[in-house]
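Novice: Dropping the structure in here first, questions after.
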Amino acid sequence: MQWDVVIGLEIHVQLATKTKIFSGSSTAYGAEPNTQANAVDLAMPGTLPVPNEEAFRYAVMFGLAIDAEIGRRSVFERKNYFYPDLPKGYQTTQLAQPIVGPGHVEIDLPDGSTKTIRIHHAHLEEDAGKSLHEDFHGMSGIDLNRAGTPLIEVVTEPDMRSAEEAVAFAKKLHSLVTSLGICDGDMSQGSMRFDVNISLKPQGQEEFGTRTETKNLNSFRFMEQAIAHEIERQMEILEDGGEIVQETRLYNGDRDESRSMRTKEEANDYRYFPCPDLLPVEIDDTFIEQCRSRLPELPDARKARFKEQYGLNDYDAGLLSGDANLARFFEAAADRGKDAKLAANWVLGEFSARLNAEDKAVVDSPISGAQLGDLIVRIADDSVSSAGAKKVFEALWTGENDKVDAIIDAKGLKQVSDTGELEKMVDEVLAGMPDQIQQYQEADEKKRKKLMGGFMGPLMKASKGQGNPKLFTEILKKKLEG
Amino acid sequence: MHNKSVAELSRDLAAGEVSSVELTQHFLDRIKQEDSKYNSFITVCEDEALADARKADERRRQGDATPWTGIPFAHKDIFCTNGVRTTCASKMLENFVPPYDATVTANFRDAGAVCLGKTNMDEFAMGSSNETSYFGAATNPWGSDLVPGGSSGGSAAAVAARLAPAATATDTGGSIRQPAALCGVTGLKPTYGRVSRYGMIAFASSLDQAGTMARTAEDNAMMLNVMAGYDAKDSTCIDRAVPDYTATLQEPLTGLKIGLPKEYFTDQLSPAMAQTIRDAIAEYEQLGATVKEVSLPNANLAIAAYYVIAPAEASANLSRFDGVRYGYRCEDPRDLLDLYTRTREEGFGAEVKRRILVGSYALSAGYYDAYYLKAQKVRRLIQQDFVNALKDVDVLMSPTCPSPAFATGEKANDPVTMYLEDIFTIAVNLAGLPALSLPAGLVDGLPVGLQIIGDYFSEARLLNAAHQYQQVTDWHQRTPE
Amino acid sequence: MTISREDVEKVAMLARIRVDEQQVSELEKDLGNILNLVDQLQSANTENTEPMAHPLDAVQKLRADEVTETNQREAFQAIAPATEAGLYLVPKVID
């Protein structure tokens, strides 16, 4: 049987505020355990929450970016359950009256088409702490530094039909929140975490099947694998005539395995009710307009501008505009380098490859966009060959030197483009290669191309690698073909 | 010395007739001698009190004294006190020493007042007799076999027994007014949001309010001057100017319009109780007030609404007591579930557990609409009743409780009967209004409280009305035999 | 509204409070009585009545995003039942 896949996502996005959602504790990542957990975060008796204005601004900015209705009156509720990383014994979250109402996000699909994914709502809530499962004499350790970090939970409609679409959406959301500057987007630190709801139905059937939820996926790759894994699992069950159990599952990316965490029957009865320590938050027009004025250029607009302003093709523009930091880097390189296409090639090629290889974020790059721009200038004016340029890039990256021209000089990478000098070298080299010249002249167009390489080797050697290969080729052609 | 009011002691300190150290030592000695009879204190902080008294005397010498500088008083053991054990009368917090102050605590500290200790109460403020305290019930100075009321029973008993001239208290359904009435002292529950709840251990967040207890209305006014005001640490606290509550005490009551809710004067009230209250109201007429009957049609629903909302909120508020970060933890938990269930079984008393379970039930799937949501709607009906009644009159008056102090053990085994003790006080919390109880007579030789309810933020008027009454009567000066 | 033994056991588990057989019987009676008391609510006509959250219908004030807290781990962990290496210890947490 053919199956339709139905996917909906819930995404926890950590907001990049300085302090927690209900207390003035720092949210900086990586501090010693429990050094950023104050009386409120620890749920000490008698302590009370006071909401962070910036968290609301970020949520509203997100809402504006997805063209959503802003909740003019939003209400925090208590979601009651016991867990050691949840100090109050309830999570303060929003349910019936969230800050962001229905909206939508457009995603680009590999076939070049676009698709609209509807957002059901997004709400503000607090993150939990962390349980460390290293063994302390058979005990677990609890670190509450993360407890109370503001999150928006973005809930989509079940609008995705494949792992590909789900990942495209996830990437688009990542691009959106990082462009807005409301999330640092660092997945390895858990800044974005995905829960995936998946169900299958016989192709063409209207009614959705029973769904499962796979929780806490924190990379695009794991998400893609987990979805593929879950589709496979459900398909096997259904094809054997079995039934899907509504449950929450955990996926182990290292082993490509999943297991049931709890079934619907075991699901908690969360006993939601409005938090009596907090009052309804009213958002007025002024607040919304202030948030609107803080909206930076968003990926879709940026992509259009990159095509228009820099003459990039759709594909390159898409890649460069998605990540705000990469986009900023590219613009710096292109503006300084005065050759946008060359800059795009370098940013998407050498630079991105290097980041990937070293698992670095754009902001952690040792070289700046302007530095790459300086290199672009020298490539464009033929001062350095592409092979030489890679050496310059390497020296910049390792911090050997931070000036492009100084590196070119120091390493003797300056390309000789003086045609008189180059002609002299060609004449000298050709003088020693009469056979090859004859061979060349007798060959057809196709073969000639190949044979050209035979002259280039000795020429580069003669010029100590500094001769401009493009000019060498031109001069050679002239001499050989008369 | 211990028969003097805070106002008098403040004048004596200012005049240099007594030092704070002398005063403090005097009250500490009295507690030592007398409190074995009343059990009104859970913790006495002798060393800290004397150190604070010395600081207060020094501050006075520097010419930087406030009316409270050097005045000894007591805190209900629900307010967190930095460095001093705060138990909420629960085994759960038997050894809990908070490293922070409640805002109320800090306010008294800043004023230079001297905290003698922490007073007994019903566990987590859940009770009307003080019998749910893990540290044993406090008893009523008017009779050793009588309850002092609750939950602020220790504060009321300590003030009535002259072990402290004043004490802080809290009121969620009558927990200031009922013990004040039963012990013959004056107690005020301010408007919800008038006093910060930060650092005050929560029972039911939307109903809890910190307030005052002392023998005279004037002393209550002095206390409220220290306690009232906006606190950015409490989101439910109201940002509104605080008047000097002592400034208007002397105003005459001529033209004061008193409403008597007919629902609070039914046959259920004994003839002696009814007569005592009518006598007190006659006194007000003598002072120039006029009286008319008003109606609170939904008054009969108050207890039902309260016993959904309060336990529901409490069930979540008390989830933090899980044996992980502070407080009691059971011995050798087998696993996480065992840690939770045994810590909470052993750490909480019977009434607290009952309320947590009722609250959890009322919030659980399928019942939320029928219980919690319904109760919050009924709450608005009750509030509207008060708003309507207070359109025609300035204050409402009623008995504070249906009867004088009852015997220890009399109602302890029947939660519902105990709940009915709050029948006249509870609606005020649901509406968030201020109300005060003052001694207004004796029935069977025991004090009877008159409750005065006012409009939002009318604390000054309530205190004024109580003060004027206390100028022409001496019920508040009566002492137990 | 009545409450069954199973209800009592279920709600005790939700609230993470251990109850033994005898306590369940007592609670069944006590909770039943309390629920009877609160059932009066059902007689109220609350059509078109908004639930009340705050007596003064006040709205929330928001706090500026500024760090106001400093590390006080030592003070807080001094009163904790079990800590090690700055962590609170609990019996093994299994997801």
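Letters A, B, ... mark the chains of the structure tokens in the order given; residue numbers begin at 1 per chain; ligand numbers begin at 1, in order shown.
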When DSSP is applied to the backbone of this structure, which of segment 102-232 of chain B are assigned strand (DSSP E or B)? Write them out as a list in words.

Specialist: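 Residues meeting the strand (DSSP E or B) criterion: Val114, Cys115, Leu116, Gly117, Lys118, Thr119, Asn140, Gly143, Leu146, Ala166, Ala167, Thr168, Ala169, Thr170, Asp171, Thr186, Gly187, Leu188, Lys189, Val195, Met200, Gln209, Ala210, Gly211, Thr212, Met213, Ala214 and Ala228 of chain B.
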
Novice: Give me, as a PyMOL selection string, the residues of chain C touching chain B, with the criterion being at most 8 Å (counting only C-alpha atoms).

Specialist: chain C and resi 8+11-19+27+30-31+33-35+37-42+44+46+49-56+58+60-61+75-77+79-82+88-93

Novice: Go ahead and save the residues from that selection, with C-alpha atoms, as a PDB file, in the first residue's frame.

Specialist:
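Contents of part12.pdb, freshly written:
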```
ATOM      1  CA  VAL C   8      -8.182   8.960  45.715  1.00  0.00           C
ATOM      2  CA  VAL C  11      -4.991  11.882  42.707  1.00  0.00           C
ATOM      3  CA  ALA C  12      -2.520  10.910  45.443  1.00  0.00           C
ATOM      4  CA  MET C  13      -0.187   9.689  42.722  1.00  0.00           C
ATOM      5  CA  LEU C  14      -0.618  12.923  40.770  1.00  0.00           C
ATOM      6  CA  ALA C  15       0.228  14.865  43.927  1.00  0.00           C
ATOM      7  CA  ARG C  16       3.072  12.478  44.757  1.00  0.00           C
ATOM      8  CA  ILE C  17       1.791  11.715  48.234  1.00  0.00           C
ATOM      9  CA  ARG C  18       1.962   8.141  49.485  1.00  0.00           C
ATOM     10  CA  VAL C  19      -1.279   6.911  51.035  1.00  0.00           C
ATOM     11  CA  LEU C  27      -9.608  10.334  52.522  1.00  0.00           C
ATOM     12  CA  ASP C  30     -13.153  13.383  53.946  1.00  0.00           C
ATOM     13  CA  LEU C  31     -12.722  14.321  50.321  1.00  0.00           C
ATOM     14  CA  ASN C  33     -17.567  15.485  52.339  1.00  0.00           C
ATOM     15  CA  ILE C  34     -15.534  18.396  51.045  1.00  0.00           C
ATOM     16  CA  LEU C  35     -16.710  17.768  47.502  1.00  0.00           C
ATOM     17  CA  LEU C  37     -19.710  21.057  50.344  1.00  0.00           C
ATOM     18  CA  VAL C  38     -18.299  22.577  47.181  1.00  0.00           C
ATOM     19  CA  ASP C  39     -21.017  21.096  45.007  1.00  0.00           C
ATOM     20  CA  GLN C  40     -23.181  24.046  46.080  1.00  0.00           C
ATOM     21  CA  LEU C  41     -21.327  25.889  43.347  1.00  0.00           C
ATOM     22  CA  GLN C  42     -23.330  24.082  40.727  1.00  0.00           C
ATOM     23  CA  ALA C  44     -25.000  29.304  40.882  1.00  0.00           C
ATOM     24  CA  THR C  46     -22.710  31.979  36.076  1.00  0.00           C
ATOM     25  CA  THR C  49     -19.884  35.752  34.112  1.00  0.00           C
ATOM     26  CA  GLU C  50     -16.188  36.155  33.443  1.00  0.00           C
ATOM     27  CA  PRO C  51     -13.956  34.133  35.753  1.00  0.00           C
ATOM     28  CA  MET C  52     -12.000  36.342  38.142  1.00  0.00           C
ATOM     29  CA  ALA C  53      -8.221  36.112  38.200  1.00  0.00           C
ATOM     30  CA  HIS C  54      -7.198  39.170  40.227  1.00  0.00           C
ATOM     31  CA  PRO C  55      -9.602  41.026  42.528  1.00  0.00           C
ATOM     32  CA  LEU C  56      -8.657  44.353  40.977  1.00  0.00           C
ATOM     33  CA  ALA C  58      -4.911  44.431  37.350  1.00  0.00           C
ATOM     34  CA  GLN C  60       0.983  42.433  34.562  1.00  0.00           C
ATOM     35  CA  LYS C  61       3.964  44.764  34.789  1.00  0.00           C
ATOM     36  CA  ALA C  75      24.147  29.813  50.667  1.00  0.00           C
ATOM     37  CA  PHE C  76      21.434  27.872  48.867  1.00  0.00           C
ATOM     38  CA  GLN C  77      23.233  24.554  48.897  1.00  0.00           C
ATOM     39  CA  ILE C  79      20.375  24.142  53.243  1.00  0.00           C
ATOM     40  CA  ALA C  80      19.991  21.385  50.636  1.00  0.00           C
ATOM     41  CA  PRO C  81      19.487  17.744  51.636  1.00  0.00           C
ATOM     42  CA  ALA C  82      22.150  16.374  49.275  1.00  0.00           C
ATOM     43  CA  TYR C  88      21.561  18.686  43.736  1.00  0.00           C
ATOM     44  CA  LEU C  89      21.521  14.926  44.109  1.00  0.00           C
ATOM     45  CA  VAL C  90      18.433  12.818  43.605  1.00  0.00           C
ATOM     46  CA  PRO C  91      17.876   9.103  43.063  1.00  0.00           C
ATOM     47  CA  LYS C  92      18.730   8.169  39.506  1.00  0.00           C
ATOM     48  CA  VAL C  93      16.612   9.965  36.933  1.00  0.00           C
TER      49      VAL C  93
END
```

Novice: List the neighbours of Gly187 of chain B out to 6 Å using only C-alpha atoms; skip same-chain residues closer than 3 positions along the sequence, and give me the result as an NGL selection string.

Specialist: :B and (176-177 or 180 or 212-213 or 436-437)

Novice: Taking only C-alpha atoms into account, what are the residues of chain A at most 8 Å from chain C, put as a PyMOL selection string?

Specialist: chain A and resi 17-19+24-26+32-39+50-54+81-82+84+131+133+136+138-143+261+269+274+276+278-282

Novice: Would you save the residues of that selection, restricted to N, CA and C atoms, as a compact mmCIF listing (two decimals), in the first residue's frame?

Specialist:
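New file result_33.txt:
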```txt
# COMPACT_ATOMS: atom_id res chain seq x y z
N THR A 17 17.61 36.35 25.57
CA THR A 17 17.56 37.45 26.54
C THR A 17 18.75 37.32 27.48
N LYS A 18 19.06 38.42 28.16
CA LYS A 18 20.17 38.39 29.11
C LYS A 18 19.77 37.64 30.37
N THR A 19 18.48 37.75 30.73
CA THR A 19 18.05 37.14 31.99
C THR A 19 16.89 36.18 31.76
N GLY A 24 15.87 37.74 37.54
CA GLY A 24 17.01 38.51 37.02
C GLY A 24 18.31 37.72 36.99
N SER A 25 18.22 36.37 36.97
CA SER A 25 19.43 35.55 36.84
C SER A 25 19.92 35.54 35.40
N SER A 26 21.23 35.50 35.24
CA SER A 26 21.81 35.45 33.90
C SER A 26 21.47 34.13 33.20
N GLU A 32 29.29 27.38 35.78
CA GLU A 32 29.35 26.29 36.76
C GLU A 32 27.94 25.94 37.21
N PRO A 33 27.67 24.67 37.50
CA PRO A 33 26.31 24.25 37.87
C PRO A 33 25.72 25.07 39.01
N ASN A 34 24.49 25.46 38.84
CA ASN A 34 23.70 26.13 39.88
C ASN A 34 24.25 27.47 40.34
N THR A 35 25.15 28.05 39.56
CA THR A 35 25.63 29.38 39.94
C THR A 35 24.74 30.46 39.33
N GLN A 36 23.85 30.06 38.44
CA GLN A 36 22.91 31.02 37.86
C GLN A 36 21.48 30.63 38.19
N ALA A 37 21.33 30.07 39.37
CA ALA A 37 20.00 29.68 39.85
C ALA A 37 19.77 30.42 41.16
N ASN A 38 18.93 31.43 41.13
CA ASN A 38 18.68 32.21 42.34
C ASN A 38 17.43 31.72 43.04
N ALA A 39 17.01 32.48 44.07
CA ALA A 39 15.90 32.03 44.91
C ALA A 39 14.64 31.71 44.09
N VAL A 50 8.46 37.43 38.18
CA VAL A 50 8.15 38.70 37.51
C VAL A 50 8.66 38.59 36.07
N PRO A 51 7.77 38.70 35.09
CA PRO A 51 8.15 38.41 33.70
C PRO A 51 9.08 39.46 33.08
N ASN A 52 9.90 38.95 32.19
CA ASN A 52 10.91 39.72 31.48
C ASN A 52 10.29 40.36 30.24
N GLU A 53 10.40 41.68 30.16
CA GLU A 53 9.79 42.41 29.05
C GLU A 53 10.40 42.00 27.71
N GLU A 54 11.71 41.80 27.70
CA GLU A 54 12.39 41.47 26.44
C GLU A 54 11.88 40.14 25.87
N TYR A 81 3.54 18.94 37.01
CA TYR A 81 4.12 17.58 37.03
C TYR A 81 5.40 17.61 37.84
N PHE A 82 5.75 16.47 38.37
CA PHE A 82 6.95 16.40 39.20
C PHE A 82 8.13 15.88 38.39
N PRO A 84 12.72 16.30 38.78
CA PRO A 84 13.74 17.01 39.57
C PRO A 84 14.30 18.26 38.89
N SER A 131 19.14 17.30 34.10
CA SER A 131 19.54 16.17 34.93
C SER A 131 20.82 15.62 34.33
N HIS A 133 23.28 12.62 34.10
CA HIS A 133 23.13 11.20 34.44
C HIS A 133 24.44 10.53 34.80
N PHE A 136 26.61 9.63 40.47
CA PHE A 136 27.10 10.07 41.78
C PHE A 136 26.61 9.03 42.79
N GLY A 138 25.20 6.22 42.39
CA GLY A 138 23.84 5.77 42.08
C GLY A 138 22.83 6.90 42.07
N MET A 139 23.27 8.13 42.17
CA MET A 139 22.36 9.28 42.16
C MET A 139 22.57 10.07 40.86
N SER A 140 21.58 10.92 40.53
CA SER A 140 21.74 11.87 39.42
C SER A 140 21.95 13.26 40.00
N GLY A 141 22.64 14.07 39.22
CA GLY A 141 22.88 15.45 39.65
C GLY A 141 21.98 16.41 38.90
N ILE A 142 21.49 17.43 39.61
CA ILE A 142 20.57 18.39 38.99
C ILE A 142 21.24 19.76 38.93
N ASP A 143 21.27 20.32 37.71
CA ASP A 143 21.79 21.66 37.49
C ASP A 143 20.63 22.54 37.05
N MET A 261 8.48 6.27 25.39
CA MET A 261 8.71 6.94 26.67
C MET A 261 7.47 6.79 27.53
N ASP A 269 -1.60 13.93 33.79
CA ASP A 269 -2.75 14.83 33.86
C ASP A 269 -2.18 16.13 34.42
N PRO A 274 -4.73 28.88 35.39
CA PRO A 274 -4.03 30.17 35.26
C PRO A 274 -3.15 30.41 36.49
N PRO A 276 -1.78 32.03 39.48
CA PRO A 276 -2.27 33.15 40.29
C PRO A 276 -1.17 34.10 40.76
N LEU A 278 0.79 35.49 38.60
CA LEU A 278 1.04 36.36 37.45
C LEU A 278 -0.29 36.89 36.94
N LEU A 279 -0.25 38.07 36.36
CA LEU A 279 -1.47 38.70 35.86
C LEU A 279 -1.48 38.62 34.34
N PRO A 280 -2.65 38.83 33.73
CA PRO A 280 -2.68 38.82 32.27
C PRO A 280 -1.76 39.91 31.72
N VAL A 281 -1.05 39.60 30.66
CA VAL A 281 -0.15 40.57 30.04
C VAL A 281 -0.91 41.21 28.88
N GLU A 282 -1.01 42.53 28.93
CA GLU A 282 -1.71 43.22 27.84
C GLU A 282 -0.70 43.89 26.93
```

Novice: Please report as a ChimeraX atom specification which residues of chain A come no farther than 8 Å from chain B, using only C-alpha atoms.

Specialist: /A:42-50,78,80,82,84,87-90,269-273,276-279

Novice: Using DSSP assignments from the backbone, pull out every residue in segment 270-404 of chain B that falls under alpha helix (DSSP H) and give it to me as an MDAnalysis selection string.

Specialist: chainID B and resid 271:286 302:317 336:347 350:363 374:392

Novice: Between atom CA of Gly71 of chain A and atom CA of Val154 of chain A, what distance in Å does the model show, to one decimal?

Specialist: 14.1 Å

Novice: Using Å and a single decimal, report how far atom CA of Glu243 of chain A sits from atom CA of Glu207 of chain A.

Specialist: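 If I compute the distance from atom CA of Glu207 of chain A to atom CA of Glu243 of chain A, I get 15.1 Å.
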
Novice: Kindly indicate which residue among B:Glu94, B:Ala74, B:Ala181, B:Phe41 lies nearest to Ala138 of chain B, using only C-alpha atoms for the distances.

Specialist: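 Checking each candidate against Ala138 of chain B, we get B:Phe41 as the closest.
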